[in-house]
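S.K.: Below is one structure. I have some questions about it.
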Amino acid sequence: MPDAAPRRRATATGPGRVLIAVYAIFALSATARAGVQLATKFHEAPLAYLLSAFSGVVYILATVGLARTGPSARRLAWTAVTIELVGVLVVGSLSVFDRVAFPSATVWSGYGAGYGWVPLVLPLLGLFWLYRTGRNGPEKAR
Amino acid sequence: MIHPLAVALVIVTGALAVFGIASTVLGKPPGRPLVLAVGVVEALLVVQALIAAVRVFGGARPVETSTFLIYLVVSVCVLPFFLQFARAEPNRWGGTVIAVAAVAMGVVVLRLLVLWAGTSA
């Protein structure tokens, strides 16, 4: 039952809700992890822990952007998911080629290998979903 | 923590994930059986959290006690929210939403087990 959606399909419908669920889990785990790291051992690896916190914020913004409907939410989602993709690629590469800079793991270390590569696949799915739902014209809702 | 209960929870959360995905594959919105299954898993998680909390406050010290306690809180809070979210738009995808939460809770229980393994009494 599609709402009387203005041209674009809302991102928070159908399979998009699964995407939001995964984003919410990552928002929670990245933020909680960063919180503990910053609170208990910030001095050990400040860069890695700040990156951890940054990734948490990016996941939260992506979750909110995808879960809400409207042009500004969609812009937010596009921005957050793009930053997420750049982040996982840059941090992933740095963690592989310059281990000294990242002595401690973040969600994005090793392209998200510690999280079953989900951090690498998630932004691609997110961008695909934003592209797909963003095209004009009524979409078939399932 | 009670080891057999935690191991059982890893298995039940896995089973719940399969149940959720099956309901998506069959094209069914989350119905009463799935809600009941979530309820059972959640009840077990609550029992585990209570036991673990009692033991921590009784003096047991898992490695990274603060992390352990955060995982305990997360282990009981997530499923109710996701069940709500899964049922808010009643279509086939609700099952997979629950499966995502179930897998995440399985991982949380595994993490709890690892942290608990390094406990000093």
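Chain labels A, B, ... are given in the sequence in which chains occur in the structure tokens; within each chain residues are numbered consecutively from 1, and ligands are likewise numbered from 1 in the order shown.
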Which residues are near Gly110 of chain A? Cut-off 12 Å, only C-alpha atoms, ignore same chain within fewer than 4 positions. Put them as a list in words.
M.R.: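 Contacts, with the query itself left out: Gly87, Val88, Leu89, Val90, Val91, Gly92, Ser93, Leu94, Ser95, Val96, Phe97, Asp98, Arg99, Phe102, Pro103, Ser104, Ala105, Thr106, Gly114, Tyr115, Gly116, Trp117, Val118, Pro119 and Leu120 of chain A.
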S.K.: Could you please tell me, as a PyMOL selection string, which residues of chain A have an atom within 7 Å of chain B when using only C-alpha atoms?
M.R.: chain A and resi 14-15+17-18+21-22+36
S.K.: Residues near segment 29-35 of chain A, anyone? I mean within 9 Å using only C-alpha atoms, not counting same-chain ones fewer than 3 positions away, as a VMD selection string.
M.R.: (chain A and resid 24 to 26 38 to 40 49 to 57 59 to 60 106 to 107) or (chain B and resid 67 70 to 71)
S.K.: Name the residues of chain B that fall into alpha helix (DSSP H) according to DSSP on the backbone, using the chain letters and numbers of this document, as a ChimeraX atom specification.
M.R.: /B:3-25,32-57,65-88,93-117
S.K.: Can you work out which one of B:Val7, B:Cys77, B:Leu50, B:Leu16 has the shortest atom-to-atom distance to Val35 of chain B, counting only C-alpha atoms?
M.R.: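 That would be B:Leu16, the residue with the smallest distance to Val35 of chain B.
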S.K.: Calculate how many Å separate atom CA of Leu85 of chain A from atom CA of Val121 of chain A, rounding to one decimal.
M.R.: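 Atom CA of Leu85 of chain A sits 8.9 Å away from atom CA of Val121 of chain A.
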S.K.: Could you tell me how far atom CA of Thr13 of chain B lies from atom CA of Leu26 of chain B, in Å and to one decimal?
M.R.: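 Distance between the two atoms: 19.8 Å.
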S.K.: In Å, with one decimal, what is the gap from atom CA of Thr79 of chain A to atom CA of Leu66 of chain A?
M.R.: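 A separation of 11.0 Å between them.
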